[in-house]
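Engineer: Below is the file final_38.cif, with mmCIF, C-alpha atoms and all ligand atoms.
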data_upload
loop_
_atom_site.label_atom_id
_atom_site.label_comp_id
_atom_site.auth_asym_id
_atom_site.auth_seq_id
_atom_site.Cartn_x
_atom_site.Cartn_y
_atom_site.Cartn_z
CA MET A 22 41.06 -15.79 4.80
CA THR A 23 39.17 -19.05 4.73
CA ALA A 24 39.16 -21.21 7.82
CA ALA A 25 38.12 -24.83 8.11
CA LEU A 26 34.54 -25.46 9.07
CA SER A 27 34.19 -27.22 12.40
CA GLU A 28 32.64 -30.66 12.18
CA PRO A 29 28.87 -30.49 12.55
CA THR A 30 27.31 -32.63 15.26
CA ALA A 31 24.65 -35.20 14.43
CA GLU A 32 22.25 -32.96 16.36
CA SER A 33 21.44 -30.58 13.62
CA VAL A 34 23.05 -29.85 10.33
CA PRO A 35 21.57 -31.58 7.31
CA PRO A 36 23.95 -33.20 4.84
CA ARG A 37 25.67 -30.75 2.52
CA GLU A 38 24.88 -32.43 -0.76
CA SER A 39 23.70 -29.12 -2.24
CA ALA A 40 24.11 -25.43 -1.47
CA PRO A 41 21.21 -23.97 0.55
CA ALA A 42 18.68 -22.31 -1.74
CA ARG A 43 17.26 -20.16 1.06
CA ALA A 44 18.73 -18.13 3.89
CA ILE A 45 16.97 -16.81 6.99
CA GLY A 46 18.29 -14.21 9.44
CA VAL A 47 17.65 -14.45 13.19
CA LEU A 48 17.94 -11.33 15.35
CA GLY A 49 17.36 -12.07 19.02
CA GLY A 50 17.25 -9.39 21.69
CA THR A 51 15.39 -7.81 24.53
CA PHE A 52 13.62 -5.25 22.34
CA ASP A 53 12.77 -3.11 25.38
CA PRO A 54 11.55 -1.40 23.21
CA VAL A 55 12.31 -2.21 19.57
CA HIS A 56 13.92 0.86 17.96
CA CYS A 57 14.78 2.07 14.47
CA ALA A 58 18.34 0.69 14.60
CA HIS A 59 16.97 -2.86 15.08
CA VAL A 60 14.67 -2.51 12.08
CA ARG A 61 17.29 -0.83 9.86
CA LEU A 62 19.89 -3.45 10.85
CA ALA A 63 17.53 -6.25 9.85
CA LEU A 64 16.67 -4.55 6.55
CA GLU A 65 20.30 -3.74 5.69
CA LEU A 66 21.41 -7.31 6.38
CA ARG A 67 18.48 -8.76 4.52
CA ALA A 68 19.56 -6.80 1.43
CA ALA A 69 23.32 -7.28 1.86
CA LEU A 70 23.13 -11.05 2.43
CA ARG A 71 20.08 -11.63 0.20
CA LEU A 72 18.18 -13.21 3.09
CA ASP A 73 14.67 -14.45 2.36
CA SER A 74 13.51 -13.04 5.69
CA VAL A 75 14.77 -11.92 9.08
CA ARG A 76 12.99 -13.09 12.22
CA LEU A 77 13.19 -10.77 15.24
CA ILE A 78 12.84 -12.89 18.37
CA PRO A 79 12.37 -11.25 21.79
CA ALA A 80 13.76 -13.02 24.85
CA PRO A 81 11.24 -13.06 27.74
CA ASP A 82 13.75 -12.70 30.56
CA PRO A 83 17.35 -12.42 29.40
CA ARG A 84 19.75 -13.79 32.04
CA LEU A 85 22.75 -11.58 31.38
CA ARG A 86 21.31 -8.14 31.99
CA ASP A 87 18.92 -6.22 34.20
CA PRO A 88 15.31 -7.41 33.95
CA PRO A 89 13.43 -5.70 31.10
CA VAL A 90 11.20 -2.75 31.99
CA ALA A 91 8.24 -3.81 29.84
CA SER A 92 6.60 -7.23 30.03
CA PRO A 93 7.30 -9.81 27.30
CA GLU A 94 3.75 -9.32 25.98
CA VAL A 95 4.16 -5.54 25.67
CA ARG A 96 7.57 -5.90 23.98
CA MET A 97 6.12 -8.42 21.54
CA ARG A 98 3.18 -6.14 20.77
CA LEU A 99 5.55 -3.23 20.07
CA LEU A 100 7.65 -5.46 17.84
CA GLU A 101 4.58 -6.60 15.89
CA ALA A 102 3.52 -2.99 15.45
CA ALA A 103 7.01 -2.01 14.27
CA LEU A 104 7.09 -4.71 11.62
CA SER A 105 3.43 -4.73 10.59
CA ASP A 106 4.07 -2.95 7.29
CA VAL A 107 7.68 -4.03 6.69
CA GLY A 108 8.10 -6.78 4.12
CA GLY A 109 10.62 -9.54 4.82
CA LEU A 110 10.86 -8.98 8.59
CA GLU A 111 8.88 -11.13 11.03
CA ALA A 112 8.14 -10.79 14.74
CA ASP A 113 8.65 -14.29 16.12
CA GLY A 114 7.33 -14.93 19.64
CA ARG A 115 8.57 -18.50 20.04
CA GLU A 116 10.86 -17.77 23.02
CA LEU A 117 7.94 -16.26 24.93
CA LEU A 118 6.19 -19.63 24.86
CA ARG A 119 9.12 -21.60 26.28
CA PRO A 120 9.48 -21.82 30.08
CA GLY A 121 12.87 -21.35 31.75
CA PRO A 122 15.89 -19.30 30.73
CA THR A 123 16.30 -18.23 27.12
CA VAL A 124 18.70 -20.56 25.33
CA THR A 125 19.48 -19.34 21.83
CA ALA A 126 20.83 -22.74 20.83
CA ASP A 127 17.38 -24.25 21.60
CA THR A 128 15.70 -21.57 19.47
CA LEU A 129 18.06 -22.30 16.60
CA GLN A 130 17.48 -26.02 16.98
CA GLU A 131 13.71 -25.45 16.66
CA LEU A 132 14.25 -23.31 13.56
CA ARG A 133 16.62 -25.90 12.12
CA LYS A 134 13.84 -28.50 12.40
CA GLU A 135 11.34 -26.15 10.73
CA PHE A 136 13.73 -25.14 7.97
CA PRO A 137 15.91 -28.13 7.15
CA GLY A 138 18.66 -27.36 4.68
CA VAL A 139 18.09 -23.60 4.86
CA SER A 140 21.03 -21.37 5.74
CA LEU A 141 20.32 -19.93 9.21
CA CYS A 142 22.13 -16.70 10.10
CA LEU A 143 22.25 -15.58 13.74
CA ILE A 144 22.82 -11.81 13.72
CA LEU A 145 24.81 -10.36 16.62
CA GLY A 146 25.86 -6.81 17.36
CA MET A 147 29.46 -6.54 18.59
CA ASP A 148 28.24 -5.90 22.16
CA ALA A 149 26.25 -9.14 22.17
CA LEU A 150 29.14 -11.04 20.56
CA SER A 151 31.57 -10.02 23.31
CA ARG A 152 29.39 -11.76 25.90
CA LEU A 153 28.84 -14.90 23.81
CA ASP A 154 30.80 -17.21 26.12
CA ALA A 155 28.34 -16.46 28.95
CA TRP A 156 25.44 -17.84 26.89
CA ILE A 157 24.14 -21.29 27.84
CA ASP A 158 25.39 -23.89 25.33
CA PHE A 159 26.97 -21.33 22.98
CA GLU A 160 29.27 -24.09 21.64
CA ARG A 161 26.23 -25.71 19.99
CA ILE A 162 25.52 -22.66 17.82
CA PRO A 163 27.93 -23.27 14.89
CA ALA A 164 26.36 -26.66 14.22
CA LEU A 165 22.99 -24.95 13.93
CA ALA A 166 23.60 -21.55 12.30
CA HIS A 167 26.11 -19.14 10.86
CA ILE A 168 26.96 -16.14 13.04
CA ILE A 169 26.80 -12.73 11.37
CA VAL A 170 28.62 -10.06 13.39
CA VAL A 171 27.92 -6.36 12.91
CA GLU A 172 29.82 -3.47 14.38
CA ARG A 173 27.97 -1.22 16.75
CA PRO A 174 28.87 2.33 17.76
CA GLY A 175 30.75 2.21 21.07
CA ALA A 176 30.96 -1.59 21.26
CA VAL A 177 34.41 -3.15 21.58
CA ALA A 178 35.53 -6.41 20.01
CA PRO A 179 36.16 -9.38 22.31
CA PRO A 180 39.76 -9.64 23.69
CA ARG A 181 42.08 -11.21 21.08
CA ASN A 182 43.08 -14.21 23.15
CA GLY A 183 39.84 -14.76 25.01
CA THR A 184 37.40 -17.66 24.63
CA VAL A 185 35.13 -15.80 22.21
CA ALA A 186 37.96 -14.73 19.89
CA ARG A 187 39.35 -18.28 19.78
CA PHE A 188 35.88 -19.70 19.15
CA LEU A 189 35.33 -17.26 16.28
CA ARG A 190 38.80 -17.52 14.72
CA ALA A 191 38.39 -21.17 13.80
CA ARG A 192 35.17 -20.46 11.92
CA ARG A 193 35.76 -17.02 10.46
CA HIS A 194 35.03 -16.42 6.82
CA ASP A 195 35.50 -13.04 5.15
CA ASP A 196 33.24 -13.59 2.16
CA PRO A 197 29.52 -13.21 3.04
CA GLU A 198 28.75 -15.56 0.16
CA ALA A 199 29.97 -18.35 2.48
CA ILE A 200 26.45 -18.50 3.89
CA ARG A 201 25.31 -19.82 0.51
CA THR A 202 27.67 -22.79 0.64
CA ALA A 203 26.49 -24.45 3.85
CA PRO A 204 23.46 -24.23 6.17
CA ALA A 205 25.56 -23.40 9.25
CA GLY A 206 29.05 -23.13 10.69
CA PHE A 207 30.71 -19.88 9.54
CA VAL A 208 31.30 -16.59 11.32
CA VAL A 209 31.07 -13.62 8.96
CA CYS A 210 31.88 -10.07 10.10
CA VAL A 211 29.93 -7.57 8.03
CA ARG A 212 31.69 -4.20 8.14
CA ASP A 213 30.16 -2.14 5.40
CA ILE A 214 26.54 -1.81 6.42
CA PRO A 215 25.41 1.41 8.05
CA VAL A 216 24.13 1.05 11.63
CA LEU A 217 22.32 3.73 13.59
CA ASP A 218 23.61 4.92 16.95
CA ILE A 219 20.41 4.18 18.87
CA SER A 220 19.98 1.99 21.94
CA ALA A 221 16.89 0.94 23.86
CA THR A 222 18.65 2.26 26.98
CA ARG A 223 18.67 5.74 25.46
CA VAL A 224 15.02 5.46 24.39
CA ARG A 225 14.03 4.44 27.93
CA SER A 226 16.00 7.17 29.60
CA LEU A 227 14.62 9.87 27.28
CA ARG A 228 11.10 8.67 28.06
CA ALA A 229 11.81 8.61 31.80
CA ARG A 230 12.95 12.24 31.54
CA GLY A 231 9.81 13.15 29.61
CA GLU A 232 11.74 13.89 26.40
CA SER A 233 10.75 12.98 22.87
CA ILE A 234 11.63 9.60 21.38
CA ARG A 235 10.24 10.41 17.93
CA PHE A 236 12.38 9.14 15.04
CA LEU A 237 14.29 6.82 17.39
CA VAL A 238 11.46 4.29 17.33
CA PRO A 239 9.04 3.50 14.47
CA ASP A 240 5.98 5.76 14.43
CA ARG A 241 3.57 2.96 15.36
CA VAL A 242 5.76 2.05 18.34
CA HIS A 243 5.95 5.70 19.33
CA ASP A 244 2.17 6.01 19.26
CA ILE A 245 1.62 2.96 21.48
CA ILE A 246 4.28 4.07 23.96
CA ILE A 247 2.70 7.49 24.30
CA ARG A 248 -0.90 6.24 24.34
CA GLU A 249 -0.20 3.62 27.03
CA ASP A 250 2.29 5.76 28.93
CA LEU A 251 5.01 3.10 28.68
CA TYR A 252 8.59 3.60 29.92
CA ALA A 253 7.57 6.88 31.57
CA HIS A 254 8.45 6.10 35.15
CA ARG A 255 11.68 4.04 35.20
CA CYS A 256 14.85 3.99 33.23
P1 LIG B 1 19.63 -2.03 25.59
O1 LIG B 1 20.09 -0.63 25.35
O2 LIG B 1 18.43 -2.16 26.49
O3 LIG B 1 20.78 -2.94 26.02
P2 LIG B 1 19.72 -2.62 22.74
O4 LIG B 1 19.46 -1.32 22.07
O5 LIG B 1 21.13 -3.13 22.78
O6 LIG B 1 19.09 -2.63 24.20
P3 LIG B 1 18.77 -5.29 22.21
O7 LIG B 1 17.35 -5.70 22.12
O8 LIG B 1 19.51 -5.71 23.41
O9 LIG B 1 18.79 -3.69 22.03
O10 LIG B 1 19.56 -5.71 20.90
C1 LIG B 1 19.24 -6.85 20.13
C2 LIG B 1 20.36 -7.10 19.12
O11 LIG B 1 20.46 -5.96 18.23
C3 LIG B 1 21.76 -7.27 19.74
O12 LIG B 1 22.47 -8.23 18.95
C4 LIG B 1 22.38 -5.90 19.58
O13 LIG B 1 23.79 -5.97 19.50
C5 LIG B 1 21.78 -5.44 18.25
N1 LIG B 1 21.68 -3.97 18.20
C6 LIG B 1 20.86 -3.19 18.93
N2 LIG B 1 21.02 -1.90 18.61
C7 LIG B 1 21.97 -1.87 17.64
C8 LIG B 1 22.59 -0.81 16.90
N3 LIG B 1 22.29 0.47 17.12
N4 LIG B 1 23.53 -1.15 15.98
C9 LIG B 1 23.86 -2.45 15.77
N5 LIG B 1 23.31 -3.48 16.44
C10 LIG B 1 22.38 -3.20 17.36
#
Take the structure in the file and write it out as C-alpha cells.
Structural biologist:
Amino acid sequence: MTAALSEPTAESVPPRESAPARAIGVLGGTFDPVHCAHVRLALELRAALRLDSVRLIPAPDPRLRDPPVASPEVRMRLLEAALSDVGGLEADGRELLRPGPTVTADTLQELRKEFPGVSLCLILGMDALSRLDAWIDFERIPALAHIIVVERPGAVAPPRNGTVARFLRARRHDDPEAIRTAPAGFVVCVRDIPVLDISATRVRSLRARGESIRFLVPDRVHDIIIREDLYAHRC
C-alpha cells in the first residue's frame, strides 16, 4: 500500500529534484546501559536498509520515564565503548550538549542541516512508537526524517484509532526502498529483522541482584560496569 506523502514544511526538507544518494539511521534512547539488542538492531537495520551509518544518540534526561540510573556521561562512555570497534555505528553525544528537555525533532533538525539531501531514518522500537504522541513536537518529525518501526518482544502496537495510528497511517509505506526516493516523510514498518529480547531494565535488575549480565551487554561495556561497580545498588 502506498500512501501520499504529507507536504513538507519549509523548515526542513530539501527539494526532491533527485533521489537521496545517502541514508543515515538515527537510534535515540536512554541507553541505561546500552545492551546487545541495541547494537544488533542498529547493525541489522544498517544492512537491511543499506544505511551508510547509524547514529546512536543518548537522551540526557528523558521526560517520559523514570530518571536514568547512570549519569549522561557514564551512559555516553558505555556507548562509546560498545561501538568502538563496530564499523558503521556512531555514538553521537549531541543531545548531551543541549540544555532543557530532549526534543527529537530538534535533534533531527540539526542533523538535517548537517546532512542536506540525505535520507534520515529515525528508528523506533514498537514500545517507543506507542508513546510518540507524548513527544514534544512529534508532528514536525515527518518533515525531517522517515520513521522506521521495528517490532519488539512484548511491545504492543498503538491503538488502531488513536492519534499515533492515524498519524502513521497517512505516511505508511510498505516498501523499505521508499527511503531512497525522498529524504524524509515515510513510515516504514520493518518486520523481518531479528531482534533480541533484551532490555536495559533487565540488565539493571540482574546487576542489582548481583547476577551476571555477560552476553546481554557488549564485553567492553560489561568490563566497565564491573570495574566501576555500576548499576549494583539500584534497579
Ligand atoms: P529500558 O528497559 O530502560 O526502558 P530499553 O532496553 O528499552 O531501556 P532504550 O534505550 O530505552 O532501551 O531503547 C532505545 C531504543 O531502542 C527504543 O526505540 C527501543 O524501542 C529500542 N529497543 C531497545 N531494546 C530493543 C529490543 N530488544 N528490540 C527492539 N528494539 C529495542
Engineer: Taking 3 positions as the minimum chain separation for residues in the same chain, which residues sit within 8 Å of range 44-49 of chain A when counting only C-alpha atoms? Answer as a PyMOL selection string.
Structural biologist: chain A and resi 41+63+67+71-80+139-145+200-201
Engineer: Keeping C-alpha atoms for every residue in the selection just given, could you write it to a file as a PDB file, in the frame of the given file?
Structural biologist:
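Wrote selection_9.pdb, looks like this:
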ATOM      1  CA  PRO A  41      21.210 -23.970   0.550  1.00  0.00           C
ATOM      2  CA  ALA A  63      17.530  -6.250   9.850  1.00  0.00           C
ATOM      3  CA  ARG A  67      18.480  -8.760   4.520  1.00  0.00           C
ATOM      4  CA  ARG A  71      20.080 -11.630   0.200  1.00  0.00           C
ATOM      5  CA  LEU A  72      18.180 -13.210   3.090  1.00  0.00           C
ATOM      6  CA  ASP A  73      14.670 -14.450   2.360  1.00  0.00           C
ATOM      7  CA  SER A  74      13.510 -13.040   5.690  1.00  0.00           C
ATOM      8  CA  VAL A  75      14.770 -11.920   9.080  1.00  0.00           C
ATOM      9  CA  ARG A  76      12.990 -13.090  12.220  1.00  0.00           C
ATOM     10  CA  LEU A  77      13.190 -10.770  15.240  1.00  0.00           C
ATOM     11  CA  ILE A  78      12.840 -12.890  18.370  1.00  0.00           C
ATOM     12  CA  PRO A  79      12.370 -11.250  21.790  1.00  0.00           C
ATOM     13  CA  ALA A  80      13.760 -13.020  24.850  1.00  0.00           C
ATOM     14  CA  VAL A 139      18.090 -23.600   4.860  1.00  0.00           C
ATOM     15  CA  SER A 140      21.030 -21.370   5.740  1.00  0.00           C
ATOM     16  CA  LEU A 141      20.320 -19.930   9.210  1.00  0.00           C
ATOM     17  CA  CYS A 142      22.130 -16.700  10.100  1.00  0.00           C
ATOM     18  CA  LEU A 143      22.250 -15.580  13.740  1.00  0.00           C
ATOM     19  CA  ILE A 144      22.820 -11.810  13.720  1.00  0.00           C
ATOM     20  CA  LEU A 145      24.810 -10.360  16.620  1.00  0.00           C
ATOM     21  CA  ILE A 200      26.450 -18.500   3.890  1.00  0.00           C
ATOM     22  CA  ARG A 201      25.310 -19.820   0.510  1.00  0.00           C
TER      23      ARG A 201
END
Engineer: Which residue is closest to ligand LIG 1 (chain B)? Choose from A:Cys57, A:Leu99, A:Leu85, A:Val216 and count all atoms listed in the file.
Structural biologist: A:Val216
Engineer: Counting all atoms listed in the file, name the residues that have an atom within 6 Å of an atom of ligand LIG 1 (chain B); the answer should be given as a PyMOL selection string.
Structural biologist: chain A and resi 49-53+58-59+145-149+173+216-222
Engineer: For the atom pair CA of Arg119 in chain A and CA of Val170 in chain A, what is the interatomic distance in Å to one decimal place?
Structural biologist: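 Between CA of Arg119 in chain A and CA of Val170 in chain A the gap works out to 26.1 Å.
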Engineer: What residues have an atom no more than 12 Å from (2.9, -6.8, 28.3) in the file's own frame, counting all atoms listed in the file, and can you write them as a list in words?
Structural biologist: Asp53, Pro54, Pro81, Pro89, Val90, Ala91, Ser92, Pro93, Glu94, Val95, Arg96, Met97, Arg98, Leu99, Leu100, Leu117, Ile245, Ile246, Glu249, Leu251 and Tyr252 of chain A
Engineer: Determine the nearest neighbour of Thr184 in chain A from the options A:Thr123, A:Arg61, A:Ala155, A:Lys134, counting all atoms listed in the file.
Structural biologist: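 Selected residue with least distance to Thr184 in chain A: A:Ala155.
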Engineer: One number please: CA of Glu131 in chain A to CA of Asp196 in chain A, in Å, one decimal.
Structural biologist: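 Taking CA of Glu131 in chain A and CA of Asp196 in chain A, their separation equals 27.1 Å.
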Engineer: Please provide as an NGL selection string all residues within 8 Å of Pro215 in chain A, with the sequence filter that same-chain residues fewer than 2 positions apart are discarded (counting only C-alpha atoms).
Structural biologist: :A and (62 or 65 or 213 or 217)
Engineer: For the contact check between range 64-177 of chain A and range 186-190 of chain A, emit one row per residue of range 64-177 of chain A within 9 Å, containing the shortest atom pair and the distance in Å rounded to one decimal, counting all atoms listed in the file, chain then rising number order, as a tab-separated table.
Structural biologist:
residue	atom	partner	partner_atom	distance
A:Ser151	CA	A:Ala186	CA	8.6
A:Asp154	CA	A:Phe188	CA	9.0
A:Glu160	CA	A:Phe188	CA	8.3
Engineer: Go through A:Ala40, A:Ala253, A:Leu64, A:Ala199 one by one, measure the shortest atom-to-atom distance of each to Arg230 in chain A using all atoms listed in the file, and give the residue with the smallest value.
Structural biologist: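 Distance minimum relative to Arg230 in chain A lands on A:Ala253.
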Engineer: So which one's closest to Leu165 in chain A, A:Gly138, A:Gly114, A:Pro180, A:Pro120? Using only C-alpha atoms, please.
Structural biologist: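 Smallest separation from Leu165 in chain A among the options: A:Gly138.
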